[in-house]
file upload.tsv (TSV, N, CA and C atoms)
chain	number	residue	atom	x	y	z
A	1	MET	N	0.96	-49.83	-14.03
A	1	MET	CA	2.13	-49.76	-14.90
A	1	MET	C	2.18	-48.38	-15.57
A	2	ASN	N	3.37	-47.80	-15.67
A	2	ASN	CA	3.53	-46.48	-16.29
A	2	ASN	C	3.41	-46.58	-17.80
A	3	LYS	N	2.79	-45.56	-18.37
A	3	LYS	CA	2.67	-45.48	-19.82
A	3	LYS	C	3.99	-44.98	-20.41
A	4	THR	N	4.23	-45.36	-21.65
A	4	THR	CA	5.39	-44.85	-22.37
A	4	THR	C	5.15	-43.38	-22.68
A	5	LYS	N	6.11	-42.52	-22.31
A	5	LYS	CA	5.99	-41.08	-22.52
A	5	LYS	C	6.56	-40.71	-23.88
A	6	VAL	N	5.74	-40.01	-24.66
A	6	VAL	CA	6.13	-39.57	-26.00
A	6	VAL	C	6.06	-38.06	-26.07
A	7	LEU	N	7.14	-37.45	-26.55
A	7	LEU	CA	7.17	-36.01	-26.78
A	7	LEU	C	7.12	-35.79	-28.28
A	8	VAL	N	6.10	-35.07	-28.74
A	8	VAL	CA	5.95	-34.75	-30.16
A	8	VAL	C	6.28	-33.28	-30.33
A	9	VAL	N	7.27	-33.00	-31.18
A	9	VAL	CA	7.68	-31.62	-31.45
A	9	VAL	C	7.31	-31.33	-32.91
A	10	GLU	N	6.22	-30.60	-33.08
A	10	GLU	CA	5.65	-30.38	-34.42
A	10	GLU	C	4.92	-29.05	-34.43
A	11	ASP	N	5.19	-28.20	-35.43
A	11	ASP	CA	4.55	-26.89	-35.48
A	11	ASP	C	3.22	-26.88	-36.22
A	12	ASP	N	2.87	-27.95	-36.89
A	12	ASP	CA	1.59	-28.04	-37.59
A	12	ASP	C	0.54	-28.63	-36.64
A	13	VAL	N	-0.45	-27.82	-36.30
A	13	VAL	CA	-1.46	-28.21	-35.31
A	13	VAL	C	-2.23	-29.46	-35.75
A	14	ASN	N	-2.53	-29.58	-37.02
A	14	ASN	CA	-3.28	-30.74	-37.51
A	14	ASN	C	-2.48	-32.03	-37.37
A	15	ILE	N	-1.20	-31.96	-37.67
A	15	ILE	CA	-0.35	-33.15	-37.52
A	15	ILE	C	-0.21	-33.51	-36.05
A	16	CYS	N	-0.04	-32.51	-35.19
A	16	CYS	CA	0.02	-32.76	-33.74
A	16	CYS	C	-1.22	-33.49	-33.26
A	17	LYS	N	-2.38	-33.01	-33.67
A	17	LYS	CA	-3.63	-33.62	-33.25
A	17	LYS	C	-3.73	-35.06	-33.75
A	18	LEU	N	-3.37	-35.29	-34.99
A	18	LEU	CA	-3.42	-36.63	-35.56
A	18	LEU	C	-2.52	-37.60	-34.79
A	19	ILE	N	-1.28	-37.19	-34.56
A	19	ILE	CA	-0.33	-38.05	-33.83
A	19	ILE	C	-0.80	-38.26	-32.39
A	20	ASN	N	-1.24	-37.19	-31.75
A	20	ASN	CA	-1.70	-37.28	-30.36
A	20	ASN	C	-2.89	-38.22	-30.24
A	21	ASP	N	-3.89	-38.05	-31.10
A	21	ASP	CA	-5.08	-38.91	-31.04
A	21	ASP	C	-4.73	-40.36	-31.28
A	22	TYR	N	-3.90	-40.62	-32.27
A	22	TYR	CA	-3.53	-42.00	-32.60
A	22	TYR	C	-2.74	-42.65	-31.46
A	23	MET	N	-1.70	-41.97	-31.00
A	23	MET	CA	-0.84	-42.57	-29.98
A	23	MET	C	-1.53	-42.66	-28.63
A	24	SER	N	-2.31	-41.65	-28.27
A	24	SER	CA	-3.07	-41.72	-27.01
A	24	SER	C	-4.06	-42.88	-27.05
A	25	GLY	N	-4.67	-43.08	-28.21
A	25	GLY	CA	-5.61	-44.18	-28.39
A	25	GLY	C	-4.96	-45.55	-28.27
A	26	HIS	N	-3.65	-45.59	-28.41
A	26	HIS	CA	-2.91	-46.85	-28.30
A	26	HIS	C	-2.14	-46.94	-26.98
A	27	GLY	N	-2.52	-46.10	-26.01
A	27	GLY	CA	-1.99	-46.24	-24.66
A	27	GLY	C	-0.74	-45.44	-24.32
A	28	PHE	N	-0.30	-44.56	-25.20
A	28	PHE	CA	0.88	-43.75	-24.92
A	28	PHE	C	0.48	-42.47	-24.19
A	29	ASP	N	1.38	-41.97	-23.35
A	29	ASP	CA	1.20	-40.68	-22.67
A	29	ASP	C	1.89	-39.63	-23.55
A	30	VAL	N	1.12	-38.85	-24.30
A	30	VAL	CA	1.66	-37.96	-25.33
A	30	VAL	C	1.62	-36.50	-24.86
A	31	THR	N	2.74	-35.81	-25.08
A	31	THR	CA	2.82	-34.37	-24.87
A	31	THR	C	3.27	-33.76	-26.20
A	32	THR	N	2.61	-32.68	-26.62
A	32	THR	CA	3.01	-32.02	-27.85
A	32	THR	C	3.48	-30.60	-27.55
A	33	VAL	N	4.51	-30.19	-28.26
A	33	VAL	CA	5.02	-28.82	-28.21
A	33	VAL	C	5.27	-28.37	-29.64
A	34	ILE	N	5.36	-27.04	-29.84
A	34	ILE	CA	5.44	-26.55	-31.22
A	34	ILE	C	6.82	-26.14	-31.69
A	35	ASP	N	7.81	-26.09	-30.78
A	35	ASP	CA	9.15	-25.73	-31.24
A	35	ASP	C	10.24	-26.25	-30.31
A	36	GLY	N	11.47	-26.08	-30.74
A	36	GLY	CA	12.62	-26.60	-30.01
A	36	GLY	C	12.77	-26.07	-28.59
A	37	PRO	N	12.71	-24.74	-28.40
A	37	PRO	CA	12.85	-24.23	-27.04
A	37	PRO	C	11.78	-24.77	-26.08
A	38	ASP	N	10.55	-24.92	-26.57
A	38	ASP	CA	9.51	-25.50	-25.73
A	38	ASP	C	9.83	-26.95	-25.37
A	39	ALA	N	10.38	-27.68	-26.31
A	39	ALA	CA	10.77	-29.08	-26.05
A	39	ALA	C	11.87	-29.15	-25.00
A	40	LEU	N	12.86	-28.27	-25.11
A	40	LEU	CA	13.95	-28.26	-24.12
A	40	LEU	C	13.44	-27.86	-22.74
A	41	ASP	N	12.51	-26.91	-22.68
A	41	ASP	CA	11.89	-26.53	-21.40
A	41	ASP	C	11.15	-27.72	-20.79
A	42	TYR	N	10.39	-28.42	-21.62
A	42	TYR	CA	9.65	-29.60	-21.15
A	42	TYR	C	10.61	-30.62	-20.54
A	43	ILE	N	11.71	-30.88	-21.24
A	43	ILE	CA	12.67	-31.89	-20.78
A	43	ILE	C	13.35	-31.43	-19.48
A	44	ARG	N	13.68	-30.16	-19.38
A	44	ARG	CA	14.29	-29.65	-18.14
A	44	ARG	C	13.34	-29.81	-16.95
A	45	GLU	N	12.06	-29.56	-17.19
A	45	GLU	CA	11.07	-29.62	-16.11
A	45	GLU	C	10.64	-31.05	-15.76
A	46	ARG	N	10.50	-31.91	-16.77
A	46	ARG	CA	9.90	-33.23	-16.54
A	46	ARG	C	10.80	-34.42	-16.85
A	47	GLY	N	11.99	-34.14	-17.35
A	47	GLY	CA	12.90	-35.23	-17.68
A	47	GLY	C	12.69	-35.74	-19.10
A	48	LEU	N	13.56	-36.64	-19.51
A	48	LEU	CA	13.50	-37.17	-20.87
A	48	LEU	C	12.28	-38.05	-21.07
A	49	PRO	N	11.65	-37.93	-22.23
A	49	PRO	CA	10.57	-38.87	-22.57
A	49	PRO	C	11.19	-40.19	-23.02
A	50	HIS	N	10.37	-41.21	-23.13
A	50	HIS	CA	10.86	-42.47	-23.67
A	50	HIS	C	11.14	-42.34	-25.18
A	51	ILE	N	10.28	-41.58	-25.85
A	51	ILE	CA	10.36	-41.40	-27.30
A	51	ILE	C	10.14	-39.92	-27.62
A	52	ALA	N	10.92	-39.39	-28.58
A	52	ALA	CA	10.68	-38.03	-29.07
A	52	ALA	C	10.51	-38.10	-30.58
A	53	LEU	N	9.37	-37.60	-31.06
A	53	LEU	CA	9.12	-37.48	-32.49
A	53	LEU	C	9.31	-36.01	-32.84
A	54	ILE	N	10.31	-35.73	-33.67
A	54	ILE	CA	10.71	-34.35	-33.91
A	54	ILE	C	10.61	-34.01	-35.40
A	55	ASP	N	9.86	-32.96	-35.69
A	55	ASP	CA	9.79	-32.42	-37.04
A	55	ASP	C	11.15	-31.80	-37.36
A	56	LEU	N	11.64	-32.01	-38.56
A	56	LEU	CA	12.94	-31.44	-38.92
A	56	LEU	C	12.84	-29.95	-39.23
A	57	ALA	N	11.72	-29.50	-39.79
A	57	ALA	CA	11.58	-28.10	-40.21
A	57	ALA	C	10.76	-27.32	-39.18
A	58	LEU	N	11.35	-27.11	-38.02
A	58	LEU	CA	10.69	-26.33	-36.96
A	58	LEU	C	10.96	-24.85	-37.17
A	59	PRO	N	10.09	-23.97	-36.65
A	59	PRO	CA	10.26	-22.54	-36.92
A	59	PRO	C	11.48	-21.90	-36.26
A	60	THR	N	11.88	-22.35	-35.08
A	60	THR	CA	12.96	-21.67	-34.37
A	60	THR	C	14.26	-22.46	-34.28
A	61	MET	N	14.19	-23.75	-34.54
A	61	MET	CA	15.38	-24.60	-34.40
A	61	MET	C	15.18	-25.83	-35.28
A	62	HIS	N	16.20	-26.18	-36.07
A	62	HIS	CA	16.11	-27.37	-36.92
A	62	HIS	C	16.01	-28.61	-36.05
A	63	GLY	N	15.26	-29.60	-36.51
A	63	GLY	CA	15.07	-30.82	-35.75
A	63	GLY	C	16.36	-31.54	-35.41
A	64	PHE	N	17.35	-31.52	-36.31
A	64	PHE	CA	18.64	-32.15	-36.01
A	64	PHE	C	19.37	-31.43	-34.87
A	65	GLU	N	19.26	-30.10	-34.84
A	65	GLU	CA	19.88	-29.34	-33.76
A	65	GLU	C	19.21	-29.69	-32.43
A	66	LEU	N	17.87	-29.78	-32.44
A	66	LEU	CA	17.16	-30.16	-31.23
A	66	LEU	C	17.56	-31.56	-30.77
A	67	SER	N	17.63	-32.48	-31.70
A	67	SER	CA	18.04	-33.85	-31.36
A	67	SER	C	19.42	-33.88	-30.73
A	68	SER	N	20.33	-33.09	-31.27
A	68	SER	CA	21.68	-33.02	-30.74
A	68	SER	C	21.68	-32.47	-29.32
A	69	LYS	N	20.88	-31.44	-29.07
A	69	LYS	CA	20.81	-30.86	-27.72
A	69	LYS	C	20.18	-31.83	-26.74
A	70	ILE	N	19.21	-32.59	-27.17
A	70	ILE	CA	18.58	-33.58	-26.30
A	70	ILE	C	19.57	-34.69	-25.96
A	71	LYS	N	20.32	-35.10	-26.95
A	71	LYS	CA	21.29	-36.18	-26.76
A	71	LYS	C	22.35	-35.75	-25.79
call {"tool": "encode", "arguments": {"input": "upload.tsv", "output": "structure tokens"}}
result
Amino acid sequence: MNKTKVLVVEDDVNICKLINDYMSGHGFDVTTVIDGPDALDYIRERGLPHIALIDLALPTMHGFELSSKIK
């Protein structure tokens, strides 16, 4: 059975590690990126994840703008 794919977009390395460790430990397939353009590149290359957790205060693109582009 395929794991649920989660994309975490967060520029704080400690928060990324915390979310990744927790969700991976609960059976999710987690990918982390640090900004909006990286998230869009990931989606273009691999398709939409099942879930995207997006920080609102990203360095290059606001989280709402990223969400809108993903939608």
call {"tool": "atom_distance", "arguments": {"input": "upload.tsv", "atom1": "CA of Thr60 (chain A)", "atom2": "CA of Tyr42 (chain A)"}}
result
15.8 Å
call {"tool": "residues_around", "arguments": {"input": "upload.tsv", "residues": "region 11-27 of chain A", "least_positions_apart": "5", "cutoff": "8 Å", "atoms": "all atoms listed in the file", "output": "list in words"}}
result
Asn2, Lys3, Thr4, Lys5, Thr32, Val33, Ile34, Asp35, Ile54, Asp55, Ala57, Leu58 and Pro59 of chain A
call {"tool": "write_last_selection", "arguments": {"input": "upload.tsv", "atoms": "N, CA and C atoms", "output": "PDB file, keeping the file's coordinate frame"}}
result
ATOM      1  N   ASN A   2       3.370 -47.800 -15.670  1.00  0.00           N
ATOM      2  CA  ASN A   2       3.530 -46.480 -16.290  1.00  0.00           C
ATOM      3  C   ASN A   2       3.410 -46.580 -17.800  1.00  0.00           C
ATOM      4  N   LYS A   3       2.790 -45.560 -18.370  1.00  0.00           N
ATOM      5  CA  LYS A   3       2.670 -45.480 -19.820  1.00  0.00           C
ATOM      6  C   LYS A   3       3.990 -44.980 -20.410  1.00  0.00           C
ATOM      7  N   THR A   4       4.230 -45.360 -21.650  1.00  0.00           N
ATOM      8  CA  THR A   4       5.390 -44.850 -22.370  1.00  0.00           C
ATOM      9  C   THR A   4       5.150 -43.380 -22.680  1.00  0.00           C
ATOM     10  N   LYS A   5       6.110 -42.520 -22.310  1.00  0.00           N
ATOM     11  CA  LYS A   5       5.990 -41.080 -22.520  1.00  0.00           C
ATOM     12  C   LYS A   5       6.560 -40.710 -23.880  1.00  0.00           C
ATOM     13  N   THR A  32       2.610 -32.680 -26.620  1.00  0.00           N
ATOM     14  CA  THR A  32       3.010 -32.020 -27.850  1.00  0.00           C
ATOM     15  C   THR A  32       3.480 -30.600 -27.550  1.00  0.00           C
ATOM     16  N   VAL A  33       4.510 -30.190 -28.260  1.00  0.00           N
ATOM     17  CA  VAL A  33       5.020 -28.820 -28.210  1.00  0.00           C
ATOM     18  C   VAL A  33       5.270 -28.370 -29.640  1.00  0.00           C
ATOM     19  N   ILE A  34       5.360 -27.040 -29.840  1.00  0.00           N
ATOM     20  CA  ILE A  34       5.440 -26.550 -31.220  1.00  0.00           C
ATOM     21  C   ILE A  34       6.820 -26.140 -31.690  1.00  0.00           C
ATOM     22  N   ASP A  35       7.810 -26.090 -30.780  1.00  0.00           N
ATOM     23  CA  ASP A  35       9.150 -25.730 -31.240  1.00  0.00           C
ATOM     24  C   ASP A  35      10.240 -26.250 -30.310  1.00  0.00           C
ATOM     25  N   ILE A  54      10.310 -35.730 -33.670  1.00  0.00           N
ATOM     26  CA  ILE A  54      10.710 -34.350 -33.910  1.00  0.00           C
ATOM     27  C   ILE A  54      10.610 -34.010 -35.400  1.00  0.00           C
ATOM     28  N   ASP A  55       9.860 -32.960 -35.690  1.00  0.00           N
ATOM     29  CA  ASP A  55       9.790 -32.420 -37.040  1.00  0.00           C
ATOM     30  C   ASP A  55      11.150 -31.800 -37.360  1.00  0.00           C
ATOM     31  N   ALA A  57      11.720 -29.500 -39.790  1.00  0.00           N
ATOM     32  CA  ALA A  57      11.580 -28.100 -40.210  1.00  0.00           C
ATOM     33  C   ALA A  57      10.760 -27.320 -39.180  1.00  0.00           C
ATOM     34  N   LEU A  58      11.350 -27.110 -38.020  1.00  0.00           N
ATOM     35  CA  LEU A  58      10.690 -26.330 -36.960  1.00  0.00           C
ATOM     36  C   LEU A  58      10.960 -24.850 -37.170  1.00  0.00           C
ATOM     37  N   PRO A  59      10.090 -23.970 -36.650  1.00  0.00           N
ATOM     38  CA  PRO A  59      10.260 -22.540 -36.920  1.00  0.00           C
ATOM     39  C   PRO A  59      11.480 -21.900 -36.260  1.00  0.00           C
TER      40      PRO A  59
END
call {"tool": "atom_distance", "arguments": {"input": "upload.tsv", "atom1": "CA of His62 (chain A)", "atom2": "atom N of Thr31 (chain A)"}}
result
19.8 Å
call {"tool": "atom_distance", "arguments": {"input": "upload.tsv", "atom1": "CA of Ile51 (chain A)", "atom2": "atom N of Glu65 (chain A)"}}
result
16.2 Å
call {"tool": "axis_aligned_box", "arguments": {"input": "upload.tsv", "around": "region 31-35 of chain A", "padding_each_side": "8 Å", "output": "JSON"}}
result
{"center_x": 6.4, "center_y": -30.8, "center_z": -28.3, "size_x": 23.6, "size_y": 26.1, "size_z": 22.8}
call {"tool": "residues_near_point", "arguments": {"input": "upload.tsv", "point": "(16.0, -28.7, -25.8)", "cutoff": "6.5 Å", "atoms": "only N, CA and C atoms", "output": "MDAnalysis selection string"}}
result
chainID A and resid 36:41 66 69:70
call {"tool": "write_last_selection", "arguments": {"input": "upload.tsv", "atoms": "N, CA and C atoms", "output": "mmCIF file, in the coordinates of the input"}}
result
data_model
loop_
_atom_site.group_PDB
_atom_site.id
_atom_site.type_symbol
_atom_site.label_atom_id
_atom_site.label_comp_id
_atom_site.auth_asym_id
_atom_site.auth_seq_id
_atom_site.Cartn_x
_atom_site.Cartn_y
_atom_site.Cartn_z
ATOM 1 N N GLY A 36 11.470 -26.080 -30.740
ATOM 2 C CA GLY A 36 12.620 -26.600 -30.010
ATOM 3 C C GLY A 36 12.770 -26.070 -28.590
ATOM 4 N N PRO A 37 12.710 -24.740 -28.400
ATOM 5 C CA PRO A 37 12.850 -24.230 -27.040
ATOM 6 C C PRO A 37 11.780 -24.770 -26.080
ATOM 7 N N ASP A 38 10.550 -24.920 -26.570
ATOM 8 C CA ASP A 38 9.510 -25.500 -25.730
ATOM 9 C C ASP A 38 9.830 -26.950 -25.370
ATOM 10 N N ALA A 39 10.380 -27.680 -26.310
ATOM 11 C CA ALA A 39 10.770 -29.080 -26.050
ATOM 12 C C ALA A 39 11.870 -29.150 -25.000
ATOM 13 N N LEU A 40 12.860 -28.270 -25.110
ATOM 14 C CA LEU A 40 13.950 -28.260 -24.120
ATOM 15 C C LEU A 40 13.440 -27.860 -22.740
ATOM 16 N N ASP A 41 12.510 -26.910 -22.680
ATOM 17 C CA ASP A 41 11.890 -26.530 -21.400
ATOM 18 C C ASP A 41 11.150 -27.720 -20.790
ATOM 19 N N LEU A 66 17.870 -29.780 -32.440
ATOM 20 C CA LEU A 66 17.160 -30.160 -31.230
ATOM 21 C C LEU A 66 17.560 -31.560 -30.770
ATOM 22 N N LYS A 69 20.880 -31.440 -29.070
ATOM 23 C CA LYS A 69 20.810 -30.860 -27.720
ATOM 24 C C LYS A 69 20.180 -31.830 -26.740
ATOM 25 N N ILE A 70 19.210 -32.590 -27.170
ATOM 26 C CA ILE A 70 18.580 -33.580 -26.300
ATOM 27 C C ILE A 70 19.570 -34.690 -25.960
#
call {"tool": "select_by_dssp", "arguments": {"input": "upload.tsv", "residues": "chain A", "states": "strand (DSSP E)", "output": "MDAnalysis selection string"}}
result
chainID A and resid 5:9 29:33 51:54
call {"tool": "residues_near_point", "arguments": {"input": "upload.tsv", "point": "(4.3, -35.6, -28.4)", "cutoff": "5 Å", "atoms": "only N, CA and C atoms", "output": "PyMOL selection string"}}
result
chain A and resi 6-9+30-32
call {"tool": "select_by_dssp", "arguments": {"input": "upload.tsv", "residues": "region 22-61 of chain A", "states": "helix (DSSP H, G or I)", "output": "PyMOL selection string"}}
result
chain A and resi 22-25+36-46
call {"tool": "write_last_selection", "arguments": {"input": "upload.tsv", "atoms": "N, CA and C atoms", "output": "mmCIF file, in the coordinates of the input"}}
result
data_model
loop_
_atom_site.group_PDB
_atom_site.id
_atom_site.type_symbol
_atom_site.label_atom_id
_atom_site.label_comp_id
_atom_site.auth_asym_id
_atom_site.auth_seq_id
_atom_site.Cartn_x
_atom_site.Cartn_y
_atom_site.Cartn_z
ATOM 1 N N TYR A 22 -3.900 -40.620 -32.270
ATOM 2 C CA TYR A 22 -3.530 -42.000 -32.600
ATOM 3 C C TYR A 22 -2.740 -42.650 -31.460
ATOM 4 N N MET A 23 -1.700 -41.970 -31.000
ATOM 5 C CA MET A 23 -0.840 -42.570 -29.980
ATOM 6 C C MET A 23 -1.530 -42.660 -28.630
ATOM 7 N N SER A 24 -2.310 -41.650 -28.270
ATOM 8 C CA SER A 24 -3.070 -41.720 -27.010
ATOM 9 C C SER A 24 -4.060 -42.880 -27.050
ATOM 10 N N GLY A 25 -4.670 -43.080 -28.210
ATOM 11 C CA GLY A 25 -5.610 -44.180 -28.390
ATOM 12 C C GLY A 25 -4.960 -45.550 -28.270
ATOM 13 N N GLY A 36 11.470 -26.080 -30.740
ATOM 14 C CA GLY A 36 12.620 -26.600 -30.010
ATOM 15 C C GLY A 36 12.770 -26.070 -28.590
ATOM 16 N N PRO A 37 12.710 -24.740 -28.400
ATOM 17 C CA PRO A 37 12.850 -24.230 -27.040
ATOM 18 C C PRO A 37 11.780 -24.770 -26.080
ATOM 19 N N ASP A 38 10.550 -24.920 -26.570
ATOM 20 C CA ASP A 38 9.510 -25.500 -25.730
ATOM 21 C C ASP A 38 9.830 -26.950 -25.370
ATOM 22 N N ALA A 39 10.380 -27.680 -26.310
ATOM 23 C CA ALA A 39 10.770 -29.080 -26.050
ATOM 24 C C ALA A 39 11.870 -29.150 -25.000
ATOM 25 N N LEU A 40 12.860 -28.270 -25.110
ATOM 26 C CA LEU A 40 13.950 -28.260 -24.120
ATOM 27 C C LEU A 40 13.440 -27.860 -22.740
ATOM 28 N N ASP A 41 12.510 -26.910 -22.680
ATOM 29 C CA ASP A 41 11.890 -26.530 -21.400
ATOM 30 C C ASP A 41 11.150 -27.720 -20.790
ATOM 31 N N TYR A 42 10.390 -28.420 -21.620
ATOM 32 C CA TYR A 42 9.650 -29.600 -21.150
ATOM 33 C C TYR A 42 10.610 -30.620 -20.540
ATOM 34 N N ILE A 43 11.710 -30.880 -21.240
ATOM 35 C CA ILE A 43 12.670 -31.890 -20.780
ATOM 36 C C ILE A 43 13.350 -31.430 -19.480
ATOM 37 N N ARG A 44 13.680 -30.160 -19.380
ATOM 38 C CA ARG A 44 14.290 -29.650 -18.140
ATOM 39 C C ARG A 44 13.340 -29.810 -16.950
ATOM 40 N N GLU A 45 12.060 -29.560 -17.190
ATOM 41 C CA GLU A 45 11.070 -29.620 -16.110
ATOM 42 C C GLU A 45 10.640 -31.050 -15.760
ATOM 43 N N ARG A 46 10.500 -31.910 -16.770
ATOM 44 C CA ARG A 46 9.900 -33.230 -16.540
ATOM 45 C C ARG A 46 10.800 -34.420 -16.850
#
call {"tool": "decode", "arguments": {"input": "upload.tsv", "residues": "region 46-70 of chain A", "atoms": "C-alpha atoms", "output": "short mmCIF file (atom, residue, chain, number, x, y, z; two decimals), in the first residue's frame"}}
result
data_model
loop_
_atom_site.label_atom_id
_atom_site.label_comp_id
_atom_site.auth_asym_id
_atom_site.auth_seq_id
_atom_site.Cartn_x
_atom_site.Cartn_y
_atom_site.Cartn_z
CA ARG A 46 6.69 14.62 -8.82
CA GLY A 47 3.06 15.71 -8.87
CA LEU A 48 0.81 16.90 -6.08
CA PRO A 49 1.30 15.50 -2.60
CA HIS A 50 -1.68 14.25 -0.63
CA ILE A 51 -1.05 16.92 2.02
CA ALA A 52 0.96 20.16 2.00
CA LEU A 53 1.95 21.85 5.26
CA ILE A 54 2.99 25.39 4.37
CA ASP A 55 4.60 28.03 6.57
CA LEU A 56 2.95 31.39 5.94
CA ALA A 57 6.13 33.45 6.48
CA LEU A 58 8.46 31.98 3.86
CA PRO A 59 11.53 33.93 2.72
CA THR A 60 10.71 34.20 -1.00
CA MET A 61 6.94 33.75 -1.25
CA HIS A 62 4.09 34.11 1.26
CA GLY A 63 2.42 30.83 2.15
CA PHE A 64 -0.98 32.04 0.89
CA GLU A 65 0.56 32.88 -2.49
CA LEU A 66 2.11 29.41 -2.65
CA SER A 67 -1.20 27.80 -1.72
CA SER A 68 -2.94 29.75 -4.47
CA LYS A 69 -0.37 28.65 -7.06
CA ILE A 70 -0.68 25.02 -5.97
#
